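Undergrad: Enclosed is the structure file upload_28.pdb (PDB, C-alpha atoms).
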ATOM      1  CA  MET A   1       0.000   0.000   0.000
ATOM      2  CA  GLN A   2       1.270   3.463  -0.772
ATOM      3  CA  ARG A   3       2.543   5.291   2.303
ATOM      4  CA  ARG A   4       0.182   8.212   1.738
ATOM      5  CA  ARG A   5      -2.797   5.907   1.668
ATOM      6  CA  PHE A   6      -1.609   4.069   4.740
ATOM      7  CA  LEU A   7      -1.270   7.341   6.648
ATOM      8  CA  ALA A   8      -4.702   8.433   5.506
ATOM      9  CA  ALA A   9      -6.216   5.195   6.784
ATOM     10  CA  ALA A  10      -4.325   5.449  10.048
ATOM     11  CA  ALA A  11      -5.547   9.000  10.584
ATOM     12  CA  LEU A  12      -9.140   8.030   9.934
ATOM     13  CA  ALA A  13      -8.943   5.085  12.311
ATOM     14  CA  ALA A  14      -7.052   6.936  15.019
ATOM     15  CA  GLY A  15      -9.658   9.683  15.052
ATOM     16  CA  ALA A  16     -12.303   7.069  15.812
ATOM     17  CA  VAL A  17     -10.684   5.341  18.779
ATOM     18  CA  SER A  18     -11.162   7.634  21.790
ATOM     19  CA  LEU A  19     -14.072   9.819  22.831
ATOM     20  CA  PRO A  20     -13.868  13.422  24.024
ATOM     21  CA  ALA A  21     -14.888  13.984  27.637
ATOM     22  CA  GLY A  22     -18.353  15.291  26.719
ATOM     23  CA  LEU A  23     -19.119  12.275  24.555
ATOM     24  CA  ARG A  24     -17.805   9.902  27.230
ATOM     25  CA  ALA A  25     -20.301  11.435  29.649
ATOM     26  CA  ALA A  26     -23.117  10.962  27.148
ATOM     27  CA  ALA A  27     -22.085   7.347  26.636
ATOM     28  CA  ALA A  28     -22.043   6.678  30.369
ATOM     29  CA  ALA A  29     -25.634   7.922  30.665
ATOM     30  CA  ALA A  30     -26.990   5.954  27.706
ATOM     31  CA  PRO A  31     -28.614   2.498  27.733
ATOM     32  CA  ALA A  32     -26.586  -0.397  26.386
ATOM     33  CA  ARG A  33     -26.940  -0.848  22.643
ATOM     34  CA  LYS A  34     -28.622  -3.715  20.847
ATOM     35  CA  PHE A  35     -27.840  -2.628  17.275
ATOM     36  CA  ARG A  36     -25.070  -4.245  15.253
ATOM     37  CA  ILE A  37     -22.253  -2.510  13.392
ATOM     38  CA  ALA A  38     -22.621  -3.377   9.709
ATOM     39  CA  LEU A  39     -20.412  -3.515   6.648
ATOM     40  CA  THR A  40     -22.064  -2.307   3.456
ATOM     41  CA  PRO A  41     -19.175  -2.174   0.993
ATOM     42  CA  GLY A  42     -20.508   0.164  -1.661
ATOM     43  CA  SER A  43     -20.973   3.019   0.795
ATOM     44  CA  ILE A  44     -17.265   3.087   1.707
ATOM     45  CA  GLY A  45     -15.694   2.271  -1.659
ATOM     46  CA  VAL A  46     -15.056  -1.406  -0.912
ATOM     47  CA  THR A  47     -15.438  -4.131  -3.528
ATOM     48  CA  ALA A  48     -15.667  -7.874  -2.959
ATOM     49  CA  ALA A  49     -15.823 -10.738  -5.421
ATOM     50  CA  SER A  50     -18.135 -12.893  -3.331
ATOM     51  CA  GLN A  51     -20.221 -13.076  -0.176
ATOM     52  CA  ARG A  52     -17.504 -15.140   1.500
ATOM     53  CA  GLU A  53     -14.910 -12.471   0.733
ATOM     54  CA  LEU A  54     -17.209  -9.832   2.150
ATOM     55  CA  ASN A  55     -17.765 -11.951   5.256
ATOM     56  CA  ASP A  56     -13.990 -12.216   5.698
ATOM     57  CA  LEU A  57     -13.560  -8.447   5.506
ATOM     58  CA  ALA A  58     -16.347  -7.918   8.004
ATOM     59  CA  HIS A  59     -14.938 -10.419  10.470
ATOM     60  CA  ARG A  60     -11.379  -9.158  10.152
ATOM     61  CA  HIS A  61     -12.426  -5.591  10.924
ATOM     62  CA  ARG A  62     -14.794  -6.156  13.859
ATOM     63  CA  PHE A  63     -18.067  -5.691  12.032
ATOM     64  CA  GLU A  64     -21.047  -7.513  13.485
ATOM     65  CA  ALA A  65     -23.294  -7.628  10.418
ATOM     66  CA  VAL A  66     -22.727  -7.722   6.680
ATOM     67  CA  GLU A  67     -24.763  -6.782   3.627
ATOM     68  CA  PRO A  68     -26.335  -9.791   1.867
ATOM     69  CA  ARG A  69     -25.563  -9.940  -1.861
ATOM     70  CA  ALA A  70     -29.049 -10.747  -3.132
ATOM     71  CA  GLU A  71     -28.151 -11.727  -6.689
ATOM     72  CA  GLU A  72     -25.382 -14.063  -5.566
ATOM     73  CA  LEU A  73     -27.458 -15.658  -2.805
ATOM     74  CA  ALA A  74     -30.384 -16.241  -5.155
ATOM     75  CA  GLY A  75     -28.122 -18.131  -7.548
ATOM     76  CA  LEU A  76     -26.442 -20.422  -5.023
ATOM     77  CA  ALA A  77     -27.092 -24.153  -4.992
ATOM     78  CA  PRO A  78     -28.306 -25.476  -1.613
ATOM     79  CA  ASP A  79     -24.903 -26.823  -0.562
ATOM     80  CA  ALA A  80     -23.139 -23.595  -1.509
ATOM     81  CA  LEU A  81     -25.709 -21.546   0.392
ATOM     82  CA  SER A  82     -25.265 -23.786   3.436
ATOM     83  CA  ALA A  83     -21.528 -23.134   3.291
ATOM     84  CA  VAL A  84     -22.068 -19.359   3.190
ATOM     85  CA  LEU A  85     -24.456 -19.510   6.136
ATOM     86  CA  ALA A  86     -22.079 -21.709   8.121
ATOM     87  CA  ASP A  87     -19.312 -19.199   7.445
ATOM     88  CA  LEU A  88     -21.576 -16.347   8.573
ATOM     89  CA  LYS A  89     -22.363 -18.159  11.821
ATOM     90  CA  ALA A  90     -18.736 -19.105  12.470
ATOM     91  CA  LYS A  91     -17.752 -15.444  12.168
ATOM     92  CA  ASN A  92     -20.586 -14.369  14.503
ATOM     93  CA  LEU A  93     -22.089 -12.172  11.790
ATOM     94  CA  THR A  94     -25.722 -11.419  11.031
ATOM     95  CA  TRP A  95     -27.300  -9.987   7.903
ATOM     96  CA  ALA A  96     -27.602  -6.244   7.420
ATOM     97  CA  ALA A  97     -30.136  -4.816   4.952
ATOM     98  CA  ALA A  98     -29.972  -5.669   1.267
ATOM     99  CA  GLY A  99     -30.486  -2.955  -1.317
ATOM    100  CA  LEU A 100     -33.789  -2.900  -3.195
ATOM    101  CA  SER A 101     -33.301  -4.027  -6.788
ATOM    102  CA  VAL A 102     -36.446  -2.360  -8.168
ATOM    103  CA  ASP A 103     -36.134   1.173  -9.566
ATOM    104  CA  PHE A 104     -39.563   2.647  -8.795
ATOM    105  CA  ARG A 105     -38.578   6.265  -9.549
ATOM    106  CA  LYS A 106     -38.574   6.051 -13.353
ATOM    107  CA  ASP A 107     -41.140   5.006 -15.962
ATOM    108  CA  GLU A 108     -43.679   2.201 -15.686
ATOM    109  CA  ALA A 109     -41.710  -0.155 -17.934
ATOM    110  CA  THR A 110     -38.649   0.097 -15.684
ATOM    111  CA  LEU A 111     -40.827  -0.589 -12.650
ATOM    112  CA  ARG A 112     -42.407  -3.679 -14.258
ATOM    113  CA  THR A 113     -39.033  -5.095 -15.234
ATOM    114  CA  GLY A 114     -37.829  -4.746 -11.660
ATOM    115  CA  LEU A 115     -40.997  -6.228 -10.207
ATOM    116  CA  ALA A 116     -40.729  -9.260 -12.487
ATOM    117  CA  ALA A 117     -37.252 -10.052 -11.158
ATOM    118  CA  LEU A 118     -37.996  -9.301  -7.510
ATOM    119  CA  PRO A 119     -39.637 -12.612  -6.429
ATOM    120  CA  ARG A 120     -36.506 -14.600  -7.363
ATOM    121  CA  LEU A 121     -34.220 -12.240  -5.450
ATOM    122  CA  ALA A 122     -36.581 -12.068  -2.485
ATOM    123  CA  ALA A 123     -36.742 -15.867  -2.366
ATOM    124  CA  GLY A 124     -32.933 -15.995  -2.326
ATOM    125  CA  LEU A 125     -32.777 -13.570   0.587
ATOM    126  CA  GLN A 126     -35.458 -15.553   2.417
ATOM    127  CA  ARG A 127     -33.573 -18.834   1.966
ATOM    128  CA  ALA A 128     -30.470 -17.138   3.376
ATOM    129  CA  GLY A 129     -32.363 -15.881   6.407
ATOM    130  CA  ALA A 130     -32.142 -12.178   5.553
ATOM    131  CA  THR A 131     -35.114 -10.092   6.660
ATOM    132  CA  ARG A 132     -34.360  -6.461   5.711
ATOM    133  CA  VAL A 133     -34.318  -4.540   2.420
ATOM    134  CA  GLY A 134     -33.767  -0.807   2.084
ATOM    135  CA  THR A 135     -34.182   1.962  -0.469
ATOM    136  CA  TRP A 136     -34.333   5.765  -0.603
ATOM    137  CA  LEU A 137     -36.812   8.458  -1.646
ATOM    138  CA  MET A 138     -35.918  11.315  -3.983
ATOM    139  CA  PRO A 139     -37.067  14.549  -2.251
ATOM    140  CA  SER A 140     -38.150  16.451  -5.364
ATOM    141  CA  HIS A 141     -39.605  15.849  -8.824
ATOM    142  CA  ALA A 142     -39.486  17.819 -12.057
ATOM    143  CA  GLU A 143     -43.069  17.056 -13.128
ATOM    144  CA  LEU A 144     -45.164  15.525 -10.339
ATOM    145  CA  THR A 145     -46.672  17.672  -7.604
ATOM    146  CA  TYR A 146     -46.384  16.442  -4.014
ATOM    147  CA  ARG A 147     -49.823  14.805  -4.031
ATOM    148  CA  ALA A 148     -49.352  13.137  -7.413
ATOM    149  CA  ASN A 149     -45.898  11.899  -6.439
ATOM    150  CA  PHE A 150     -47.233  10.668  -3.082
ATOM    151  CA  ARG A 151     -49.936   8.618  -4.797
ATOM    152  CA  GLN A 152     -47.437   7.160  -7.264
ATOM    153  CA  HIS A 153     -44.962   6.239  -4.548
ATOM    154  CA  ALA A 154     -47.646   4.649  -2.394
ATOM    155  CA  ALA A 155     -48.990   2.547  -5.264
ATOM    156  CA  ARG A 156     -45.608   1.404  -6.539
ATOM    157  CA  LEU A 157     -44.063   0.751  -3.138
ATOM    158  CA  ARG A 158     -47.192  -1.167  -2.096
ATOM    159  CA  GLU A 159     -46.607  -3.628  -4.942
ATOM    160  CA  ILE A 160     -42.950  -3.993  -4.000
ATOM    161  CA  ALA A 161     -43.700  -4.391  -0.305
ATOM    162  CA  ALA A 162     -46.328  -7.055  -0.995
ATOM    163  CA  ILE A 163     -43.800  -9.218  -2.845
ATOM    164  CA  LEU A 164     -41.237  -8.759  -0.082
ATOM    165  CA  LYS A 165     -43.835  -9.585   2.570
ATOM    166  CA  ASP A 166     -44.569 -12.881   0.819
ATOM    167  CA  HIS A 167     -40.929 -13.747   1.491
ATOM    168  CA  GLY A 168     -40.705 -12.551   5.089
ATOM    169  CA  LEU A 169     -38.851  -9.344   4.224
ATOM    170  CA  ARG A 170     -39.281  -5.831   5.606
ATOM    171  CA  LEU A 171     -38.821  -2.766   3.389
ATOM    172  CA  GLY A 172     -37.113   0.336   4.759
ATOM    173  CA  LEU A 173     -37.609   3.795   3.233
ATOM    174  CA  GLU A 174     -34.851   6.380   3.692
ATOM    175  CA  TYR A 175     -36.031   9.952   3.485
ATOM    176  CA  VAL A 176     -33.511  12.334   1.929
ATOM    177  CA  GLY A 177     -33.337  15.690   3.677
ATOM    178  CA  THR A 178     -30.442  17.255   1.784
ATOM    179  CA  HIS A 179     -31.490  20.825   1.012
ATOM    180  CA  LEU A 180     -29.729  20.994  -2.364
ATOM    181  CA  LEU A 181     -31.675  17.926  -3.544
ATOM    182  CA  LEU A 182     -34.941  19.249  -2.141
ATOM    183  CA  VAL A 183     -34.723  22.393  -4.277
ATOM    184  CA  ARG A 184     -33.077  20.774  -7.300
ATOM    185  CA  SER A 185     -36.360  20.046  -9.079
ATOM    186  CA  ARG A 186     -39.599  21.998  -9.316
ATOM    187  CA  TYR A 187     -41.765  20.105  -6.828
ATOM    188  CA  PRO A 188     -40.525  19.195  -3.311
ATOM    189  CA  PHE A 189     -41.435  15.754  -1.956
ATOM    190  CA  VAL A 190     -41.098  13.659   1.208
ATOM    191  CA  HIS A 191     -37.948  14.712   3.095
ATOM    192  CA  THR A 192     -38.721  14.393   6.825
ATOM    193  CA  LEU A 193     -39.432  11.599   9.273
ATOM    194  CA  ALA A 194     -43.066  12.672   9.753
ATOM    195  CA  GLU A 195     -43.770  12.640   6.014
ATOM    196  CA  THR A 196     -42.101   9.244   5.646
ATOM    197  CA  ARG A 197     -44.338   7.808   8.330
ATOM    198  CA  GLU A 198     -47.367   9.200   6.486
ATOM    199  CA  LEU A 199     -46.226   7.471   3.301
ATOM    200  CA  ILE A 200     -45.664   4.210   5.173
ATOM    201  CA  ALA A 201     -49.172   4.406   6.622
ATOM    202  CA  GLU A 202     -50.589   4.963   3.136
ATOM    203  CA  ILE A 203     -48.719   1.933   1.762
ATOM    204  CA  GLY A 204     -50.369  -0.084   4.499
ATOM    205  CA  THR A 205     -48.774  -3.503   4.016
ATOM    206  CA  GLY A 206     -47.449  -3.760   7.570
ATOM    207  CA  ASN A 207     -43.876  -4.611   6.590
ATOM    208  CA  VAL A 208     -42.615  -1.140   5.657
ATOM    209  CA  GLY A 209     -40.509   0.971   8.006
ATOM    210  CA  VAL A 210     -37.908   3.709   8.071
ATOM    211  CA  VAL A 211     -34.221   3.827   7.169
ATOM    212  CA  LEU A 212     -32.762   6.506   9.428
ATOM    213  CA  ASP A 213     -29.657   8.474   8.465
ATOM    214  CA  THR A 214     -28.007  11.017  10.757
ATOM    215  CA  TRP A 215     -27.185  13.153   7.715
ATOM    216  CA  HIS A 216     -30.759  13.409   6.435
ATOM    217  CA  TRP A 217     -32.180  13.655   9.972
ATOM    218  CA  TRP A 218     -29.926  16.670  10.547
ATOM    219  CA  GLN A 219     -30.549  18.201   7.114
ATOM    220  CA  ALA A 220     -34.315  17.842   7.523
ATOM    221  CA  GLY A 221     -34.332  19.636  10.859
ATOM    222  CA  ASP A 222     -35.669  16.561  12.672
ATOM    223  CA  THR A 223     -34.882  16.266  16.379
ATOM    224  CA  VAL A 224     -33.944  13.753  19.041
ATOM    225  CA  ALA A 225     -37.506  14.117  20.329
ATOM    226  CA  ASP A 226     -38.766  13.013  16.897
ATOM    227  CA  LEU A 227     -36.567   9.919  17.051
ATOM    228  CA  ARG A 228     -37.851   9.032  20.502
ATOM    229  CA  THR A 229     -41.386   8.675  19.111
ATOM    230  CA  LEU A 230     -40.223   5.661  17.087
ATOM    231  CA  THR A 231     -40.278   2.000  18.074
ATOM    232  CA  ASN A 232     -37.813  -0.709  17.169
ATOM    233  CA  ALA A 233     -40.427  -2.289  14.903
ATOM    234  CA  GLU A 234     -40.573   0.874  12.764
ATOM    235  CA  VAL A 235     -36.856   1.074  11.939
ATOM    236  CA  VAL A 236     -35.390  -1.251   9.316
ATOM    237  CA  SER A 237     -31.838   0.092   9.039
ATOM    238  CA  VAL A 238     -29.682   3.021  10.172
ATOM    239  CA  ASP A 239     -26.869   5.048   8.579
ATOM    240  CA  LEU A 240     -24.407   7.024  10.709
ATOM    241  CA  ASN A 241     -22.573   9.948   9.129
ATOM    242  CA  ASP A 242     -21.114  13.315  10.028
ATOM    243  CA  ALA A 243     -20.808  16.543   8.035
ATOM    244  CA  PRO A 244     -17.849  18.692   6.988
ATOM    245  CA  VAL A 245     -17.121  21.742   9.137
ATOM    246  CA  GLY A 246     -17.418  25.329   7.987
ATOM    247  CA  ILE A 247     -20.183  24.808   5.400
ATOM    248  CA  PRO A 248     -23.718  26.133   6.000
ATOM    249  CA  LYS A 249     -26.294  23.362   6.247
ATOM    250  CA  GLU A 250     -28.140  24.561   3.145
ATOM    251  CA  GLN A 251     -24.935  24.321   1.083
ATOM    252  CA  GLN A 252     -23.813  20.868   2.229
ATOM    253  CA  LYS A 253     -23.444  18.374  -0.612
ATOM    254  CA  ASP A 254     -25.047  14.961  -0.273
ATOM    255  CA  ASN A 255     -22.002  13.175  -1.719
ATOM    256  CA  ALA A 256     -19.398  14.854   0.487
ATOM    257  CA  ARG A 257     -19.948  13.619   4.038
ATOM    258  CA  GLU A 258     -17.692  12.417   6.873
ATOM    259  CA  LEU A 259     -17.524   9.237   8.907
ATOM    260  CA  PRO A 260     -19.612   9.292  12.103
ATOM    261  CA  VAL A 261     -18.310  11.383  15.028
ATOM    262  CA  ALA A 262     -15.530  12.760  12.822
ATOM    263  CA  THR A 263     -16.366  16.457  13.138
ATOM    264  CA  GLY A 264     -19.169  16.796  15.692
ATOM    265  CA  VAL A 265     -21.329  18.858  13.324
ATOM    266  CA  ILE A 266     -24.141  16.290  13.656
ATOM    267  CA  ASP A 267     -25.384  15.322  17.129
ATOM    268  CA  ALA A 268     -24.315  11.688  17.149
ATOM    269  CA  ALA A 269     -24.763  11.355  20.910
ATOM    270  CA  GLY A 270     -28.407  12.386  20.785
ATOM    271  CA  PHE A 271     -29.105  10.241  17.734
ATOM    272  CA  VAL A 272     -27.434   7.059  18.994
ATOM    273  CA  GLY A 273     -28.852   7.613  22.458
ATOM    274  CA  ALA A 274     -32.341   7.634  20.963
ATOM    275  CA  LEU A 275     -31.643   4.374  19.100
ATOM    276  CA  ALA A 276     -30.587   2.758  22.350
ATOM    277  CA  ALA A 277     -33.565   4.219  24.211
ATOM    278  CA  PHE A 278     -36.146   2.549  21.963
ATOM    279  CA  GLY A 279     -34.125  -0.668  21.738
ATOM    280  CA  TYR A 280     -33.172  -0.621  18.080
ATOM    281  CA  ASP A 281     -31.624  -4.011  17.299
ATOM    282  CA  GLY A 282     -30.871  -3.787  13.578
ATOM    283  CA  PRO A 283     -27.803  -2.891  11.496
ATOM    284  CA  VAL A 284     -25.974   0.432  11.735
ATOM    285  CA  ARG A 285     -23.677   1.310   8.817
ATOM    286  CA  PRO A 286     -21.692   4.299   7.524
ATOM    287  CA  GLU A 287     -22.560   6.024   4.255
ATOM    288  CA  PRO A 288     -20.149   8.969   3.998
ATOM    289  CA  PHE A 289     -19.600   9.120   0.224
ATOM    290  CA  ASN A 290     -16.154  10.342   1.215
ATOM    291  CA  GLN A 291     -13.509  10.610  -1.516
ATOM    292  CA  ALA A 292     -10.528  10.080   0.803
ATOM    293  CA  LEU A 293     -12.127   6.953   2.235
ATOM    294  CA  ASN A 294     -13.163   5.629  -1.190
ATOM    295  CA  ALA A 295      -9.579   5.994  -2.443
ATOM    296  CA  LEU A 296      -8.300   3.508   0.130
ATOM    297  CA  ASP A 297      -7.871  -0.202  -0.461
ATOM    298  CA  ASN A 298     -10.400  -2.579   1.077
ATOM    299  CA  ASP A 299      -8.663  -3.273   4.379
ATOM    300  CA  PRO A 300      -7.797   0.293   5.406
ATOM    301  CA  ALA A 301     -11.233   1.501   4.314
ATOM    302  CA  CYS A 302     -12.920  -1.191   6.406
ATOM    303  CA  ALA A 303     -10.629  -0.443   9.345
ATOM    304  CA  ALA A 304     -11.442   3.267   9.258
ATOM    305  CA  ALA A 305     -15.199   2.701   8.911
ATOM    306  CA  SER A 306     -15.276   0.090  11.666
ATOM    307  CA  ALA A 307     -13.321   2.285  14.073
ATOM    308  CA  ALA A 308     -15.660   5.211  13.440
ATOM    309  CA  LEU A 309     -18.748   3.053  13.972
ATOM    310  CA  HIS A 310     -17.377   1.599  17.210
ATOM    311  CA  ARG A 311     -16.641   5.103  18.388
ATOM    312  CA  ALA A 312     -20.220   6.153  17.649
ATOM    313  CA  ALA A 313     -21.591   2.979  19.224
ATOM    314  CA  ALA A 314     -19.737   3.813  22.424
ATOM    315  CA  LEU A 315     -22.250   6.636  22.848
ATOM    316  CA  ALA A 316     -24.773   3.900  23.636
ATOM    317  CA  ARG A 317     -22.413   2.146  26.054
ATOM    318  CA  GLY A 318     -21.702  -0.483  23.381
TER     319      GLY A 318
END
Can I see the file as structure tokens?
TA:
Amino acid sequence: MQRRRFLAAAALAAGAVSLPAGLRAAAAAAPARKFRIALTPGSIGVTAASQRELNDLAHRHRFEAVEPRAEELAGLAPDALSAVLADLKAKNLTWAAAGLSVDFRKDEATLRTGLAALPRLAAGLQRAGATRVGTWLMPSHAELTYRANFRQHAARLREIAAILKDHGLRLGLEYVGTHLLLVRSRYPFVHTLAETRELIAEIGTGNVGVVLDTWHWWQAGDTVADLRTLTNAEVVSVDLNDAPVGIPKEQQKDNARELPVATGVIDAAGFVGALAAFGYDGPVRPEPFNQALNALDNDPACAAASAALHRAAALARG
């Protein structure tokens, strides 16, 4: 590894080892955590050739959950799947959330193509014992008003959720609060926790919940009090991120974030404390879209992300 890249990785990891005095106090007052630190490779610039390779990376770097590769799992013969699951168990890993394969944001033909392929992928996840799938909501639209977009999202996501429910899978919806994306197109759309819960209620299948992200929670102006109205059953997955310093909130770019607890711009203590308070027991992953992190090789990138997540988890006495 190039020395520069090694030093970059070391700096990222070192910054995520110890807690400042104020955060140590917050951690001491928080309930013990139940959530599990998760490796989702695409969000930190990591690539893996197989589920087993991804499991190895997760185990080597102290992750507790790992993203299931739906396409690969769906194509495995029974004996090969058994080997993957035995490896997962031996490494004391659980499944994080899989990404939703259906693109419901485009035209009807694209939606139908995705829906046709979904039962096979959902069955593969079910056979592997995975239970969570996540996706995100675009917070503005060039042509559809809020009400028209709401109706379209509810109808399309209801079809998706019904297929997932048939295979024992929950669907998580991540609201996107980034101001620059909210105003990018003509008509604003769902971008807060309250609006997301309204959409979930309209979908009405009983297996749809929220994907929480510190970044979007902060951008949307949501509060710790808002988080404390949630239950564990409502939250499918969680992303932990921080924001660069010195940039006004309204000018922050969605694809230029920091690892959790890196800068202190976002209230990680309040956020993680709320997760612990309502007993969230699912995966927690980083999604910084950080160029310096993405430039690292797999091992230093995983090391830096894991260290940052453990540092954040310490706020819940993990």
Undergrad: Got a sec to resolve the PyMOL selection byres ((chain A and resi 69-76) around 10) on this structure and send the residues as a PyMOL selection string?
TA: chain A and resi 40+50-51+54+66-68+77-82+84+95+97-101+120-128+130+133
Undergrad: Show me the residues close to (-23.5, 19.9, 4.2) - anything with an atom within 12 Å, counting all atoms listed in the file - and format the list as a PyMOL selection string.
TA: chain A and resi 177-181+214-216+218-220+241-258+263+265-266+288
Undergrad: So that I can check the surroundings of Asn149 (chain A), please list as a PyMOL selection string every protein, DNA and RNA residue that reaches within 8 Å of it, counting only C-alpha atoms and ignoring chain neighbours fewer than 5 positions away.
TA: chain A and resi 141+144+189
Undergrad: Sorted by chain and rising residue number, list the residues of region 160-264 of chain A at most 12 Å from region 32-36 of chain A (counting all atoms listed in the file), each with its closest atom pair and distance in Å to one decimal, as CSV.
TA:
residue,atom,partner,partner_atom,distance
A:Asn232,CA,A:Phe35,CA,10.2
A:Val235,CA,A:Phe35,CA,11.1
A:Val236,CA,A:Phe35,CA,11.1
A:Ser237,CA,A:Phe35,CA,9.6
A:Val238,CA,A:Phe35,CA,9.3
A:Asp239,CA,A:Arg36,CA,11.6
Undergrad: Pick out the closest residue to Asp166 (chain A) from this set: A:Leu118, A:Ala233, A:Leu111, A:Leu199. Count all atoms listed in the file.
TA: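 Nearest to Asp166 (chain A): A:Leu118.
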Undergrad: Can you work out which one of A:Gly204, A:Pro283, A:Gly270, A:Pro260 has the shortest atom-to-atom distance to Ala304 (chain A), counting only C-alpha atoms?
TA: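 Distance minimum relative to Ala304 (chain A) lands on A:Pro260.
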Undergrad: Go through the shown structure with the PyMOL selection byres ((chain A and resi 46) around 10) and write out the matching residues as a ChimeraX atom specification.
TA: /A:39-45,47-48,54,57,293-302
Undergrad: Could you work out how far CA of Gln152 (chain A) lies from CA of Ile203 (chain A), giving the answer in Å with one decimal?
TA: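 Here the two named atoms are 10.5 Å from each other.
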Undergrad: Please expand the PyMOL selection byres ((chain A and resi 172) around 7) into the concrete residues it hits in this file, giving the result as a list in words.
TA: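 When the PyMOL selection byres ((chain A and resi 172) around 7) is applied to the shown file, the picked residues are Val133, Gly134, Thr135, Arg170, Leu171, Leu173, Glu174, Val208, Gly209, Val210, Val211, Val236 and Ser237 of chain A.
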Undergrad: Select, from A:Asp87, A:Gly206, A:Ala155, A:Pro188, the residue with the minimum atom-to-atom distance to Glu143 (chain A), counting only C-alpha atoms.
TA: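 Answer, going by the shortest atom-to-atom distance: A:Pro188.
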Undergrad: Rounded to one decimal, what separation in Å do you get between CA of His59 (chain A) and CA of Leu275 (chain A)?
TA: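 Going from CA of His59 (chain A) over to CA of Leu275 (chain A) covers 23.9 Å.
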Undergrad: Figure out the distance between CA of Val272 (chain A) and CA of Leu315 (chain A), please, to one decimal in Å.
TA: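 Taking CA of Leu315 (chain A) as the start and CA of Val272 (chain A) as the end point, the length is 6.5 Å.
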Undergrad: Pick from A:Val261, A:Ala314, A:Ile37, A:Ala90: nearest to His61 (chain A), with only C-alpha atoms counted?
TA: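 Of A:Val261, A:Ala314, A:Ile37, A:Ala90, the one nearest His61 (chain A) is A:Ile37, counting only C-alpha atoms.
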Undergrad: Measuring atom to atom with only C-alpha atoms, identify which of A:Gly129, A:Pro139, A:Gly114, A:Gly273 is nearest to Arg156 (chain A).
TA: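 Closest candidate: A:Gly114.
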Undergrad: Out of A:Ala307, A:Val183, A:Ile160, A:Val190, which residue has the shortest atom-to-atom distance to Ala148 (chain A) when counting only C-alpha atoms?
TA: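 Closest candidate: A:Val190.
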Undergrad: Find the spatial neighbours of Ala142 (chain A), counting all atoms listed in the file, within a cut-off of 7 Å - ignore same-chain residues fewer than 3 positions away - and output them as a PDB file with C-alpha atoms, keeping the file's coordinate frame.
TA:
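Everything below was put into part.pdb:
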ATOM      1  CA  SER A 185     -36.360  20.046  -9.079  1.00  0.00           C
ATOM      2  CA  ARG A 186     -39.599  21.998  -9.316  1.00  0.00           C
ATOM      3  CA  TYR A 187     -41.765  20.105  -6.828  1.00  0.00           C
TER       4      TYR A 187
END
